[in-house]
Amino acid sequence: MLTGGRADVKLRAGLSRGFGVPQSEDLPLSGFRAVSIATNLPGPVATVRLAALGMDVLKIEPPSGDLLSMGAKAWYDEVCGASAAVESLDLRASEDRERFDAHLRDADLLITSHRRSGLQRLGITEEALASLNPGLCWVEIVGDTENPDVPGHDLTYQAEVGLVDGTAMPRTVIADMAGADDAVAASLSLLLARERGKAARHAVVGLKQAAERFAQPVRHGLTVDGGVLSGALNAYAIYPLKDGFVACAAIEPHFAMRFAALAGDDPRQFFSGKTVAEVDALAADNDLPLKSFR
């Protein structure tokens, strides 16, 4: 269990040099400290954002390391290298746990991404953290805020909210990336509330809930078959070129009229004889939102 604590709740602005990777003292979160035991994507991506705002970040990893380093080493280096100091600790070992508790006593923020039951087995609860450091804010990233112990990952949450089409794998990890943004927002909200004397110290971020927010265009029919952003409109669609493709997003009336005057009633036929270079020139000459790609 977490032990110790301080009677005084003081803001630690200006005391964080040397805690993580030193950041500029002129940034909004300069002087604030974060400890993260969140591995994989949402937590590390969130701490990159916080570090960019000036927060000193210490990332605690288990002895086995972070799976992200095994699956995408370059990305791991990007999110866990320049923006955070990394320390390996086994939180089930008494000596390492004492060191972890010491870090938390000097921190403003804790970020986790474990299942609720796993955290409880480690003795990480609201009550224990408050006893250790009354000023510590805790952002808890879970899969689903309604069922925080049910296992899942980005793919399952995207499938659940309607963002997966058949057997085609998603092109990006929307739940993880959106969850990272939500964790940043929750962190800032808690810290601001603390600065204003509010009592809140804990916020829960759900990856499923983050995916649901990004699924709103599907739920409201914009991107489903026949929707205005589905490719059903000539002015908002993707067309093949001789040597690539062009994404056309001329949906506003003034763009749509200009596009119709240029491409006529059959944009597919119009673009089929064009090259990427020719379409890029058309976009510039006609001030149209066209983007070629291969």
# chains A, B, ... in the order shown; residues from 1 in each chain; ligands from 1

$ residues_around --residues "Phe245 of chain A" --least-positions-apart "4" --cutoff "8 Å" --atoms "only C-alpha atoms" --output "tab-separated table (two decimals) with C-alpha atoms, in the first residue's frame"
chain	number	residue	atom	x	y	z
A	238	ILE	CA	-11.98	10.62	-54.45
A	239	TYR	CA	-11.20	10.10	-58.13
A	240	PRO	CA	-8.55	8.04	-59.94
A	241	LEU	CA	-5.92	9.83	-62.02
A	276	VAL	CA	-0.96	14.29	-60.38
A	292	SER	CA	-3.51	14.52	-55.23
A	293	PHE	CA	-1.86	11.44	-53.76
A	294	ARG	CA	-0.39	8.14	-54.84

$ residues_around --residues "Gly162 of chain A" --least-positions-apart "5" --cutoff "12 Å" --atoms "only C-alpha atoms" --output "ChimeraX atom specification"
/A:155-157,170,208,211-221,223-224

$ select_by_dssp --residues "segment 119-204 of chain A" --states "alpha helix (DSSP H)" --output "MDAnalysis selection string"
chainID A and resid 119:121 126:132 154:160 174:195

$ write_last_selection --atoms "N, CA and C atoms" --output "mmCIF file, in the first residue's frame"
data_model
loop_
_atom_site.group_PDB
_atom_site.id
_atom_site.type_symbol
_atom_site.label_atom_id
_atom_site.label_comp_id
_atom_site.auth_asym_id
_atom_site.auth_seq_id
_atom_site.Cartn_x
_atom_site.Cartn_y
_atom_site.Cartn_z
ATOM 1 N N LEU A 119 -4.817 -1.964 -10.622
ATOM 2 C CA LEU A 119 -4.357 -0.845 -9.808
ATOM 3 C C LEU A 119 -4.673 -1.074 -8.336
ATOM 4 N N GLN A 120 -5.846 -1.610 -8.072
ATOM 5 C CA GLN A 120 -6.223 -1.873 -6.688
ATOM 6 C C GLN A 120 -5.300 -2.898 -6.043
ATOM 7 N N ARG A 121 -4.873 -3.890 -6.831
ATOM 8 C CA ARG A 121 -3.929 -4.880 -6.281
ATOM 9 C C ARG A 121 -2.593 -4.230 -5.942
ATOM 10 N N GLU A 126 -7.849 6.195 -4.967
ATOM 11 C CA GLU A 126 -7.974 7.620 -4.635
ATOM 12 C C GLU A 126 -7.565 7.887 -3.196
ATOM 13 N N GLU A 127 -8.017 7.037 -2.289
ATOM 14 C CA GLU A 127 -7.745 7.243 -0.879
ATOM 15 C C GLU A 127 -6.248 7.125 -0.573
ATOM 16 N N ALA A 128 -5.607 6.111 -1.154
ATOM 17 C CA ALA A 128 -4.185 5.898 -0.892
ATOM 18 C C ALA A 128 -3.344 7.037 -1.455
ATOM 19 N N LEU A 129 -3.699 7.514 -2.654
ATOM 20 C CA LEU A 129 -2.945 8.611 -3.251
ATOM 21 C C LEU A 129 -3.123 9.892 -2.452
ATOM 22 N N ALA A 130 -4.336 10.135 -1.969
ATOM 23 C CA ALA A 130 -4.590 11.327 -1.165
ATOM 24 C C ALA A 130 -3.796 11.287 0.133
ATOM 25 N N SER A 131 -3.632 10.097 0.702
ATOM 26 C CA SER A 131 -2.847 9.953 1.917
ATOM 27 C C SER A 131 -1.369 10.219 1.650
ATOM 28 N N LEU A 132 -0.915 9.762 0.504
ATOM 29 C CA LEU A 132 0.498 9.933 0.146
ATOM 30 C C LEU A 132 0.818 11.378 -0.203
ATOM 31 N N ASP A 154 -7.804 -0.665 -28.976
ATOM 32 C CA ASP A 154 -8.311 0.271 -29.984
ATOM 33 C C ASP A 154 -9.221 -0.415 -31.004
ATOM 34 N N LEU A 155 -8.800 -1.561 -31.511
ATOM 35 C CA LEU A 155 -9.577 -2.257 -32.548
ATOM 36 C C LEU A 155 -10.966 -2.632 -32.045
ATOM 37 N N THR A 156 -11.057 -3.151 -30.828
ATOM 38 C CA THR A 156 -12.368 -3.556 -30.324
ATOM 39 C C THR A 156 -13.268 -2.353 -30.080
ATOM 40 N N TYR A 157 -12.686 -1.241 -29.644
ATOM 41 C CA TYR A 157 -13.511 -0.054 -29.396
ATOM 42 C C TYR A 157 -13.975 0.572 -30.708
ATOM 43 N N GLN A 158 -13.099 0.590 -31.707
ATOM 44 C CA GLN A 158 -13.527 1.108 -33.011
ATOM 45 C C GLN A 158 -14.642 0.240 -33.589
ATOM 46 N N ALA A 159 -14.505 -1.066 -33.447
ATOM 47 C CA ALA A 159 -15.543 -1.960 -33.961
ATOM 48 C C ALA A 159 -16.858 -1.733 -33.232
ATOM 49 N N GLU A 160 -16.773 -1.521 -31.936
ATOM 50 C CA GLU A 160 -17.988 -1.369 -31.128
ATOM 51 C C GLU A 160 -18.773 -0.115 -31.490
ATOM 52 N N ILE A 174 -7.675 5.359 -33.710
ATOM 53 C CA ILE A 174 -8.469 6.521 -33.321
ATOM 54 C C ILE A 174 -8.739 6.546 -31.819
ATOM 55 N N ALA A 175 -9.130 5.422 -31.247
ATOM 56 C CA ALA A 175 -9.455 5.404 -29.818
ATOM 57 C C ALA A 175 -8.236 5.771 -28.983
ATOM 58 N N ASP A 176 -7.077 5.233 -29.330
ATOM 59 C CA ASP A 176 -5.864 5.523 -28.579
ATOM 60 C C ASP A 176 -5.465 6.997 -28.698
ATOM 61 N N MET A 177 -5.482 7.534 -29.915
ATOM 62 C CA MET A 177 -5.055 8.911 -30.112
ATOM 63 C C MET A 177 -6.057 9.893 -29.510
ATOM 64 N N ALA A 178 -7.348 9.607 -29.687
ATOM 65 C CA ALA A 178 -8.367 10.464 -29.084
ATOM 66 C C ALA A 178 -8.328 10.355 -27.564
ATOM 67 N N GLY A 179 -8.060 9.149 -27.061
ATOM 68 C CA GLY A 179 -7.932 8.965 -25.620
ATOM 69 C C GLY A 179 -6.769 9.753 -25.048
ATOM 70 N N ALA A 180 -5.678 9.852 -25.805
ATOM 71 C CA ALA A 180 -4.535 10.660 -25.367
ATOM 72 C C ALA A 180 -4.937 12.124 -25.234
ATOM 73 N N ASP A 181 -5.680 12.628 -26.230
ATOM 74 C CA ASP A 181 -6.156 14.012 -26.153
ATOM 75 C C ASP A 181 -7.058 14.214 -24.942
ATOM 76 N N ASP A 182 -7.936 13.244 -24.685
ATOM 77 C CA ASP A 182 -8.820 13.351 -23.527
ATOM 78 C C ASP A 182 -8.026 13.334 -22.223
ATOM 79 N N ALA A 183 -6.951 12.552 -22.181
ATOM 80 C CA ALA A 183 -6.122 12.498 -20.977
ATOM 81 C C ALA A 183 -5.423 13.833 -20.733
ATOM 82 N N VAL A 184 -4.986 14.478 -21.812
ATOM 83 C CA VAL A 184 -4.375 15.806 -21.677
ATOM 84 C C VAL A 184 -5.394 16.798 -21.140
ATOM 85 N N ALA A 185 -6.600 16.790 -21.727
ATOM 86 C CA ALA A 185 -7.639 17.712 -21.277
ATOM 87 C C ALA A 185 -7.992 17.465 -19.812
ATOM 88 N N ALA A 186 -8.084 16.191 -19.425
ATOM 89 C CA ALA A 186 -8.397 15.865 -18.034
ATOM 90 C C ALA A 186 -7.294 16.322 -17.089
ATOM 91 N N SER A 187 -6.045 16.158 -17.522
ATOM 92 C CA SER A 187 -4.911 16.597 -16.707
ATOM 93 C C SER A 187 -4.951 18.099 -16.474
ATOM 94 N N LEU A 188 -5.164 18.842 -17.546
ATOM 95 C CA LEU A 188 -5.204 20.299 -17.430
ATOM 96 C C LEU A 188 -6.377 20.752 -16.569
ATOM 97 N N SER A 189 -7.518 20.085 -16.720
ATOM 98 C CA SER A 189 -8.698 20.444 -15.936
ATOM 99 C C SER A 189 -8.460 20.227 -14.447
ATOM 100 N N LEU A 190 -7.873 19.074 -14.100
ATOM 101 C CA LEU A 190 -7.613 18.785 -12.697
ATOM 102 C C LEU A 190 -6.608 19.764 -12.095
ATOM 103 N N LEU A 191 -5.550 20.051 -12.853
ATOM 104 C CA LEU A 191 -4.533 20.968 -12.334
ATOM 105 C C LEU A 191 -5.102 22.372 -12.166
ATOM 106 N N LEU A 192 -5.894 22.819 -13.125
ATOM 107 C CA LEU A 192 -6.508 24.143 -13.013
ATOM 108 C C LEU A 192 -7.467 24.190 -11.824
ATOM 109 N N ALA A 193 -8.256 23.131 -11.653
ATOM 110 C CA ALA A 193 -9.179 23.082 -10.517
ATOM 111 C C ALA A 193 -8.412 23.120 -9.201
ATOM 112 N N ARG A 194 -7.300 22.411 -9.146
ATOM 113 C CA ARG A 194 -6.503 22.415 -7.919
ATOM 114 C C ARG A 194 -5.969 23.812 -7.620
ATOM 115 N N GLU A 195 -5.484 24.488 -8.690
ATOM 116 C CA GLU A 195 -4.955 25.831 -8.508
ATOM 117 C C GLU A 195 -6.027 26.783 -7.976
#

$ atom_distance --atom1 "atom CA of Arg171 of chain A" --atom2 "atom CA of Ile251 of chain A"
24.0 Å

$ closest_residue --among "A:Ala72, A:Ala46, A:Ala38, A:Val150" --to "Ile60 of chain A" --atoms "only C-alpha atoms"
A:Ala38

$ atom_distance --atom1 "atom CA of Gly166 of chain A" --atom2 "atom CA of Gly152 of chain A"
18.5 Å

$ atom_distance --atom1 "atom CA of Ala232 of chain A" --atom2 "atom CA of Gln209 of chain A"
28.8 Å

$ residues_around --residues "segment 94-111 of chain A" --least-positions-apart "5" --cutoff "7 Å" --atoms "only C-alpha atoms" --output "ChimeraX atom specification"
/A:2,32-38,43,89,132-133,135-140

$ residues_around --residues "Leu290 of chain A" --least-positions-apart "4" --cutoff "7 Å" --atoms "only C-alpha atoms" --output "list in words"
Val246, Ala247, Cys248, Ala249 and Ala283 of chain A

$ write_last_selection --atoms "N, CA, C and O atoms" --output "CSV table (one decimal), in the first residue's frame"
chain,number,residue,atom,x,y,z
A,246,VAL,N,-7.0,11.7,-56.6
A,246,VAL,CA,-7.2,13.1,-56.1
A,246,VAL,C,-8.4,13.1,-55.2
A,246,VAL,O,-9.4,12.5,-55.4
A,247,ALA,N,-8.2,13.7,-54.0
A,247,ALA,CA,-9.2,13.9,-53.0
A,247,ALA,C,-9.8,15.3,-53.3
A,247,ALA,O,-9.1,16.3,-53.3
A,248,CYS,N,-11.1,15.3,-53.5
A,248,CYS,CA,-11.8,16.6,-53.8
A,248,CYS,C,-12.7,16.9,-52.6
A,248,CYS,O,-13.6,16.1,-52.2
A,249,ALA,N,-12.5,18.1,-52.0
A,249,ALA,CA,-13.3,18.5,-50.9
A,249,ALA,C,-14.0,19.9,-51.1
A,249,ALA,O,-13.9,20.8,-50.3
A,283,ALA,N,-5.6,22.8,-59.0
A,283,ALA,CA,-6.0,23.2,-57.7
A,283,ALA,C,-5.4,24.6,-57.4
A,283,ALA,O,-6.2,25.5,-56.9

$ closest_residue --among "A:Ser83, A:Thr172, A:Thr112, A:Ser64" --to "Pro42 of chain A" --atoms "only C-alpha atoms"
A:Thr112

$ closest_residue --among "A:Asn234, A:Val173, A:Ala281, A:His202" --to "Asp265 of chain A" --atoms "only C-alpha atoms"
A:Asn234

$ decode --residues "segment 217-234 of chain A" --atoms "N, CA and C atoms" --output "short mmCIF file (atom, residue, chain, number, x, y, z; two decimals), in the first residue's frame"
data_model
loop_
_atom_site.label_atom_id
_atom_site.label_comp_id
_atom_site.auth_asym_id
_atom_site.auth_seq_id
_atom_site.Cartn_x
_atom_site.Cartn_y
_atom_site.Cartn_z
N PRO A 217 -19.80 11.35 -36.78
CA PRO A 217 -20.18 11.51 -38.20
C PRO A 217 -20.85 10.26 -38.77
N VAL A 218 -20.47 9.07 -38.27
CA VAL A 218 -21.11 7.83 -38.70
C VAL A 218 -22.52 7.77 -38.13
N ARG A 219 -22.63 8.03 -36.83
CA ARG A 219 -23.92 7.93 -36.16
C ARG A 219 -24.95 8.91 -36.74
N HIS A 220 -24.48 10.05 -37.21
CA HIS A 220 -25.39 11.06 -37.76
C HIS A 220 -25.51 10.97 -39.29
N GLY A 221 -24.94 9.92 -39.87
CA GLY A 221 -25.16 9.63 -41.28
C GLY A 221 -24.33 10.40 -42.28
N LEU A 222 -23.33 11.15 -41.85
CA LEU A 222 -22.55 11.95 -42.79
C LEU A 222 -21.63 11.08 -43.65
N THR A 223 -21.06 10.02 -43.07
CA THR A 223 -20.04 9.26 -43.79
C THR A 223 -20.51 7.87 -44.18
N VAL A 224 -21.74 7.51 -43.89
CA VAL A 224 -22.27 6.21 -44.33
C VAL A 224 -22.69 6.31 -45.79
N ASP A 225 -22.96 5.17 -46.43
CA ASP A 225 -23.36 5.17 -47.84
C ASP A 225 -24.51 6.15 -48.08
N GLY A 226 -24.29 7.04 -49.04
CA GLY A 226 -25.31 8.03 -49.37
C GLY A 226 -25.20 9.31 -48.58
N GLY A 227 -24.37 9.34 -47.54
CA GLY A 227 -24.19 10.56 -46.74
C GLY A 227 -23.41 11.61 -47.50
N VAL A 228 -23.51 12.85 -47.04
CA VAL A 228 -22.89 13.95 -47.80
C VAL A 228 -21.37 13.88 -47.80
N LEU A 229 -20.78 13.13 -46.86
CA LEU A 229 -19.32 12.98 -46.84
C LEU A 229 -18.89 11.56 -47.21
N SER A 230 -19.75 10.84 -47.89
CA SER A 230 -19.47 9.44 -48.22
C SER A 230 -18.89 9.24 -49.61
N GLY A 231 -18.81 10.31 -50.40
CA GLY A 231 -18.42 10.18 -51.80
C GLY A 231 -19.62 10.22 -52.72
N ALA A 232 -20.80 10.39 -52.14
CA ALA A 232 -22.02 10.44 -52.96
C ALA A 232 -22.14 11.74 -53.73
N LEU A 233 -21.49 12.79 -53.24
CA LEU A 233 -21.52 14.09 -53.93
C LEU A 233 -20.30 14.22 -54.83
N ASN A 234 -20.51 14.72 -56.05
CA ASN A 234 -19.39 14.92 -56.97
C ASN A 234 -18.30 15.80 -56.37
#
